[in-house]
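Next up, entry-v4.cif (mmCIF, C-alpha atoms):
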```cif
data_protein
loop_
_atom_site.label_atom_id
_atom_site.label_comp_id
_atom_site.auth_asym_id
_atom_site.auth_seq_id
_atom_site.Cartn_x
_atom_site.Cartn_y
_atom_site.Cartn_z
CA ASP V 1 -52.37 -9.24 -27.86
CA ALA V 2 -53.91 -12.08 -29.80
CA GLY V 3 -57.31 -11.21 -31.26
CA ILE V 4 -59.65 -13.37 -29.20
CA THR V 5 -63.11 -12.24 -28.22
CA GLN V 6 -65.36 -14.21 -25.90
CA SER V 7 -69.04 -13.45 -25.61
CA PRO V 8 -70.85 -12.90 -23.43
CA ARG V 9 -68.44 -11.80 -20.70
CA HIS V 10 -70.97 -12.52 -17.98
CA LYS V 11 -74.12 -14.60 -17.96
CA VAL V 12 -76.61 -15.68 -15.35
CA THR V 13 -79.00 -18.45 -16.29
CA GLU V 14 -81.35 -20.95 -14.72
CA THR V 15 -80.91 -24.67 -14.30
CA GLY V 16 -82.15 -26.61 -17.31
CA THR V 17 -81.78 -23.85 -19.88
CA PRO V 18 -79.46 -24.13 -22.88
CA VAL V 19 -76.50 -21.77 -23.03
CA THR V 20 -74.07 -21.03 -25.85
CA LEU V 21 -70.74 -19.31 -25.39
CA ARG V 22 -68.87 -17.93 -28.36
CA CYS V 23 -65.19 -17.59 -29.05
CA HIS V 24 -64.12 -15.50 -32.03
CA GLN V 25 -60.52 -15.16 -33.22
CA THR V 26 -58.92 -12.95 -35.84
CA GLU V 27 -55.55 -14.76 -35.89
CA ASN V 28 -56.50 -17.55 -38.31
CA HIS V 29 -55.09 -20.12 -35.88
CA ARG V 30 -56.02 -23.72 -36.55
CA TYR V 31 -56.33 -24.94 -32.96
CA MET V 32 -58.98 -23.74 -30.52
CA TYR V 33 -59.80 -24.88 -27.00
CA TRP V 34 -62.40 -24.45 -24.30
CA TYR V 35 -61.26 -24.64 -20.68
CA ARG V 36 -63.12 -24.10 -17.44
CA GLN V 37 -61.50 -22.62 -14.35
CA ASP V 38 -62.69 -23.54 -10.89
CA PRO V 39 -61.17 -22.83 -7.49
CA GLY V 40 -58.96 -25.69 -6.39
CA HIS V 41 -58.88 -27.25 -9.85
CA GLY V 42 -56.89 -24.91 -12.03
CA LEU V 43 -57.97 -25.10 -15.66
CA ARG V 44 -59.49 -28.22 -17.18
CA LEU V 45 -59.98 -28.90 -20.86
CA ILE V 46 -63.59 -29.32 -22.02
CA HIS V 47 -63.28 -29.70 -25.80
CA TYR V 48 -60.85 -28.68 -28.47
CA SER V 49 -60.76 -28.26 -32.23
CA TYR V 50 -57.96 -28.96 -34.69
CA GLY V 51 -59.73 -27.58 -37.72
CA VAL V 52 -63.10 -26.67 -39.18
CA LYS V 53 -65.60 -29.37 -38.19
CA ASP V 54 -62.82 -31.30 -36.41
CA THR V 55 -63.33 -31.47 -32.67
CA ASP V 56 -62.53 -33.81 -29.81
CA LYS V 57 -63.30 -34.23 -26.13
CA GLY V 58 -61.19 -33.08 -23.25
CA GLU V 59 -61.13 -34.33 -19.69
CA VAL V 60 -64.44 -32.76 -18.55
CA SER V 61 -66.65 -32.91 -21.63
CA ASP V 62 -69.85 -34.38 -20.12
CA GLY V 63 -72.76 -31.98 -20.51
CA TYR V 64 -71.00 -29.88 -23.15
CA SER V 65 -70.95 -29.86 -26.94
CA VAL V 66 -68.99 -27.75 -29.40
CA SER V 67 -69.13 -26.70 -33.01
CA ARG V 68 -66.71 -25.09 -35.39
CA SER V 69 -68.17 -24.22 -38.77
CA LYS V 70 -65.61 -21.50 -39.54
CA THR V 71 -61.95 -21.10 -38.66
CA GLU V 72 -62.64 -18.02 -36.60
CA ASP V 73 -65.53 -19.24 -34.44
CA PHE V 74 -65.70 -21.96 -31.79
CA LEU V 75 -68.98 -22.36 -29.93
CA LEU V 76 -69.48 -24.10 -26.60
CA THR V 77 -73.01 -25.24 -25.76
CA LEU V 78 -74.40 -26.38 -22.45
CA GLU V 79 -77.45 -28.34 -23.56
CA SER V 80 -79.16 -28.15 -20.18
CA ALA V 81 -77.24 -26.07 -17.69
CA THR V 82 -76.64 -27.37 -14.15
CA SER V 83 -75.31 -25.61 -11.07
CA SER V 84 -72.09 -27.64 -11.33
CA GLN V 85 -71.39 -25.81 -14.57
CA THR V 86 -71.09 -22.49 -12.79
CA SER V 87 -67.54 -21.52 -13.66
CA VAL V 88 -65.28 -19.20 -15.59
CA TYR V 89 -64.87 -20.39 -19.17
CA PHE V 90 -61.78 -19.57 -21.17
CA CYS V 91 -61.24 -19.95 -24.87
CA ALA V 92 -57.70 -20.42 -26.11
CA ILE V 93 -56.12 -20.56 -29.54
CA SER V 94 -52.85 -21.89 -30.84
CA GLU V 95 -51.00 -21.64 -34.12
CA SER V 96 -49.00 -24.78 -33.44
CA PRO V 97 -49.64 -27.51 -30.85
CA THR V 98 -45.95 -28.41 -30.61
CA GLY V 99 -42.52 -26.99 -31.33
CA GLU V 100 -41.00 -23.55 -31.04
CA ARG V 101 -44.24 -21.73 -31.76
CA GLU V 102 -46.24 -23.75 -29.27
CA LYS V 103 -48.16 -21.24 -27.18
CA LEU V 104 -51.74 -20.90 -26.06
CA PHE V 105 -53.35 -17.46 -26.28
CA PHE V 106 -56.28 -17.05 -23.93
CA GLY V 107 -59.36 -14.90 -24.12
CA SER V 108 -60.56 -12.82 -21.18
CA GLY V 109 -63.06 -15.40 -20.02
CA THR V 110 -66.82 -15.74 -19.54
CA GLN V 111 -68.23 -15.84 -16.02
CA LEU V 112 -71.25 -18.17 -16.07
CA SER V 113 -73.58 -18.55 -13.11
CA VAL V 114 -76.26 -21.24 -13.17
CA LEU V 115 -78.92 -20.69 -10.52
CA GLY Q 1 -52.89 -40.26 -15.58
CA ASP Q 2 -51.08 -37.02 -16.26
CA SER Q 3 -51.12 -34.50 -13.44
CA VAL Q 4 -49.39 -31.44 -12.05
CA THR Q 5 -48.98 -30.58 -8.38
CA GLN Q 6 -48.19 -27.05 -7.30
CA MET Q 7 -47.37 -25.70 -3.89
CA GLU Q 8 -50.35 -24.36 -2.01
CA GLY Q 9 -50.78 -20.62 -1.87
CA PRO Q 10 -51.20 -17.86 -1.27
CA VAL Q 11 -47.61 -16.69 -1.27
CA THR Q 12 -46.96 -13.23 0.14
CA LEU Q 13 -43.59 -11.53 -0.31
CA SER Q 14 -42.02 -8.14 0.07
CA GLU Q 15 -40.65 -6.39 -2.98
CA GLU Q 16 -37.15 -7.60 -3.98
CA ALA Q 17 -37.58 -10.92 -2.16
CA PHE Q 18 -36.63 -14.23 -3.76
CA LEU Q 19 -39.48 -16.29 -5.17
CA THR Q 20 -39.82 -20.05 -5.53
CA ILE Q 21 -43.04 -21.77 -6.54
CA ASN Q 22 -42.73 -25.54 -6.54
CA CYS Q 23 -44.19 -27.69 -9.29
CA THR Q 24 -43.93 -31.46 -9.72
CA TYR Q 25 -45.55 -33.59 -12.36
CA THR Q 26 -46.66 -37.10 -13.21
CA ALA Q 27 -46.67 -38.14 -16.83
CA THR Q 28 -45.59 -40.95 -19.10
CA GLY Q 29 -42.89 -40.30 -21.60
CA TYR Q 30 -41.31 -36.90 -21.99
CA PRO Q 31 -43.81 -34.09 -21.50
CA SER Q 32 -43.31 -30.44 -22.31
CA LEU Q 33 -43.62 -28.15 -19.29
CA PHE Q 34 -45.00 -24.63 -18.99
CA TRP Q 35 -45.59 -21.79 -16.60
CA TYR Q 36 -48.57 -19.54 -17.32
CA VAL Q 37 -49.46 -16.37 -15.43
CA GLN Q 38 -52.89 -14.83 -14.90
CA TYR Q 39 -53.19 -11.19 -13.91
CA PRO Q 40 -56.41 -10.02 -12.25
CA GLY Q 41 -59.38 -10.02 -14.61
CA GLU Q 42 -57.40 -11.43 -17.53
CA GLY Q 43 -56.81 -14.70 -19.32
CA LEU Q 44 -53.62 -16.70 -18.91
CA GLN Q 45 -50.38 -15.77 -20.64
CA LEU Q 46 -47.42 -18.00 -21.34
CA LEU Q 47 -44.52 -17.06 -19.08
CA LEU Q 48 -41.96 -19.68 -20.07
CA LYS Q 49 -41.62 -23.26 -21.24
CA ALA Q 50 -39.18 -26.16 -21.55
CA THR Q 51 -39.54 -29.10 -23.89
CA LYS Q 52 -36.84 -31.54 -22.77
CA ALA Q 53 -34.89 -32.56 -19.71
CA ASP Q 54 -32.35 -30.02 -18.39
CA ASP Q 55 -33.80 -27.23 -20.54
CA LYS Q 56 -34.16 -23.91 -18.75
CA GLY Q 57 -37.02 -21.63 -19.67
CA SER Q 58 -36.68 -17.95 -18.84
CA ASN Q 59 -38.64 -14.75 -19.32
CA LYS Q 60 -38.99 -11.40 -17.49
CA GLY Q 61 -36.52 -12.50 -14.82
CA PHE Q 62 -38.34 -15.75 -14.12
CA GLU Q 63 -36.62 -19.09 -14.63
CA ALA Q 64 -37.52 -22.76 -14.41
CA THR Q 65 -35.43 -25.85 -15.15
CA TYR Q 66 -36.90 -29.12 -16.40
CA ARG Q 67 -35.63 -31.78 -13.95
CA LYS Q 68 -36.59 -35.23 -15.11
CA GLU Q 69 -34.86 -37.00 -12.23
CA THR Q 70 -37.07 -35.20 -9.70
CA THR Q 71 -40.04 -34.67 -12.10
CA SER Q 72 -40.01 -30.99 -11.20
CA PHE Q 73 -40.24 -27.59 -12.87
CA HIS Q 74 -39.94 -25.04 -10.06
CA LEU Q 75 -40.43 -21.36 -10.88
CA GLU Q 76 -37.90 -18.89 -9.48
CA LYS Q 77 -37.25 -15.17 -9.58
CA GLY Q 78 -34.43 -13.45 -7.79
CA SER Q 79 -36.18 -10.17 -6.98
CA VAL Q 80 -39.95 -9.85 -7.25
CA GLN Q 81 -41.83 -6.64 -7.95
CA VAL Q 82 -45.32 -5.51 -7.03
CA SER Q 83 -46.26 -5.95 -10.68
CA ASP Q 84 -45.53 -9.70 -10.39
CA SER Q 85 -48.62 -10.13 -8.22
CA ALA Q 86 -50.73 -12.68 -10.09
CA VAL Q 87 -51.74 -16.34 -10.15
CA TYR Q 88 -49.13 -18.70 -11.55
CA PHE Q 89 -50.03 -22.02 -13.17
CA CYS Q 90 -47.71 -24.90 -13.92
CA ALA Q 91 -48.81 -27.10 -16.83
CA LEU Q 92 -47.70 -30.06 -18.88
CA ARG Q 93 -48.40 -31.45 -22.31
CA ARG Q 94 -47.68 -35.07 -23.05
CA GLY Q 95 -45.65 -35.43 -26.20
CA SER Q 96 -48.28 -36.91 -28.50
CA THR Q 97 -51.23 -34.70 -27.63
CA LEU Q 98 -52.40 -31.74 -29.72
CA GLY Q 99 -51.78 -28.82 -27.43
CA ARG Q 100 -53.84 -30.35 -24.64
CA LEU Q 101 -52.46 -29.00 -21.40
CA TYR Q 102 -52.92 -30.32 -17.88
CA PHE Q 103 -52.79 -27.47 -15.39
CA GLY Q 104 -51.96 -27.33 -11.73
CA ARG Q 105 -54.32 -25.59 -9.32
CA GLY Q 106 -52.49 -22.28 -9.46
CA THR Q 107 -50.53 -20.34 -6.84
CA GLN Q 108 -51.58 -16.85 -5.86
CA LEU Q 109 -48.60 -14.50 -5.42
CA THR Q 110 -48.97 -11.13 -3.70
CA VAL Q 111 -45.99 -8.78 -3.51
CA TRP Q 112 -46.08 -5.85 -1.09
CA PRO Q 113 -44.06 -2.67 -1.57
#
```

Could I get this file's structure written as structure tokens?
Amino acid sequence: DAGITQSPRHKVTETGTPVTLRCHQTENHRYMYWYRQDPGHGLRLIHYSYGVKDTDKGEVSDGYSVSRSKTEDFLLTLESATSSQTSVYFCAISESPTGEREKLFFGSGTQLSVL
Amino acid sequence: GDSVTQMEGPVTLSEEAFLTINCTYTATGYPSLFWYVQYPGEGLQLLLKATKADDKGSNKGFEATYRKETTSFHLEKGSVQVSDSAVYFCALRRGSTLGRLYFGRGTQLTVWP
């Protein structure tokens, strides 16, 4: 299994509070992604990174920010959590975004509840 | 925009039954297509992929053929097992994007002994 650790695994927070989720990898992969999973929607990309300090928005980036100061860590921040951000958040990593070695490795997920 | 449509679940089968999960897509150009599987309490895992028309991806007895003429990538398995019970996601990546996948909604499969 790819070495991906998400923390925390579960979190309950209140509306309006900031929340930071962490993804840590030991594979030295260049590409990292944050997805959210909601019933009826599958997985949707929030933000992704293609290198240290290089990030870009996905399809549902409003209300989220990210940072990547080291290859191994990719942080997702909800600046002011809302109930619509209650979801399961998955981090994924990839050695190559295309070609034969194209493959996303997913972490075990973080269940976030915003009350 | 790019999108993936999967058949609605849940799908319930008896062991050794034949499985088909339909997937169609909308995308410009020539996307790469994927099937990912999610077992209970875990993250997704790549099951198989195909990168060009008429390619067949296969793994663990599962197969899917990239059909450009019908914009489809249906997942099949000839004889399912209880251990195949999981959620299956079809996904696409448009050629120029950096590993950004568009996922379908997922199809829950339950196999009974």

| task | Given the file shown, determine the residues that the PyMOL selection byres ((chain V and resi 105-114) around 7) selects; report them as a PyMOL selection string. | result | (chain V and resi 2+4-15+81-83+85-94+103-104+115) or (chain Q and resi 42-45)

| query | Which residues fall under the PyMOL selection byres ((chain V and resi 46) around 9) in this file, as a VMD selection string? | reply | chain V and resid 33 to 36 44 to 45 47 to 48 57 to 62 64 to 65

| said: Would you mind listing, as a PyMOL selection string, all residues of chain Q that have at least one atom within 12 Å of chain V, where all atoms listed in the file are what counts? | reply: chain Q and resi 1-9+31-52+87-108

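Checking V:Arg22, V:Ser84, V:His29, V:Gly16 one by one against Ser67 in chain V, counting all atoms listed in the file, you find the shortest gap at V:Arg22.
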
| request: Find the distance between CA of Glu63 in chain Q and CA of Leu13 in chain Q and write it in Å to one decimal. | output: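 Computing it gives 17.6 Å between the two atoms.
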
| said: To test your reading of the syntax: which residues would the PyMOL selection byres ((chain Q and resi 20) around 9) return for the file shown? Reply as a ChimeraX atom specification. | reply: /Q:18-19,21-22,74-78

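Here CA of Pro18 in chain V stands at a distance of 4.7 Å from CA of Glu79 in chain V.
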
| task | Rank V:Asp73, V:Thr17, V:Val66, V:Asp54 by their smallest atom-to-atom distance to Gly3 in chain V, using all atoms listed in the file, and report the top residue only. | result |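 Checking each candidate against Gly3 in chain V, we get V:Asp73 as the closest.
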
| query | How many Å lie between CA of Lys68 in chain Q and CA of Tyr25 in chain Q, rounded to one decimal? | reply | 9.5 Å

Can you report as lines of an AutoDock Vina configuration file the centre and edge lengths in Å, to one decimal, of an axis-aligned box around the listed atoms of range 40-58 of chain V padded with 8 Å on each side?
```
center_x = -61.2
center_y = -29.6
center_z = -22.8
size_x = 24.7
size_y = 25.3
size_z = 48.8
```
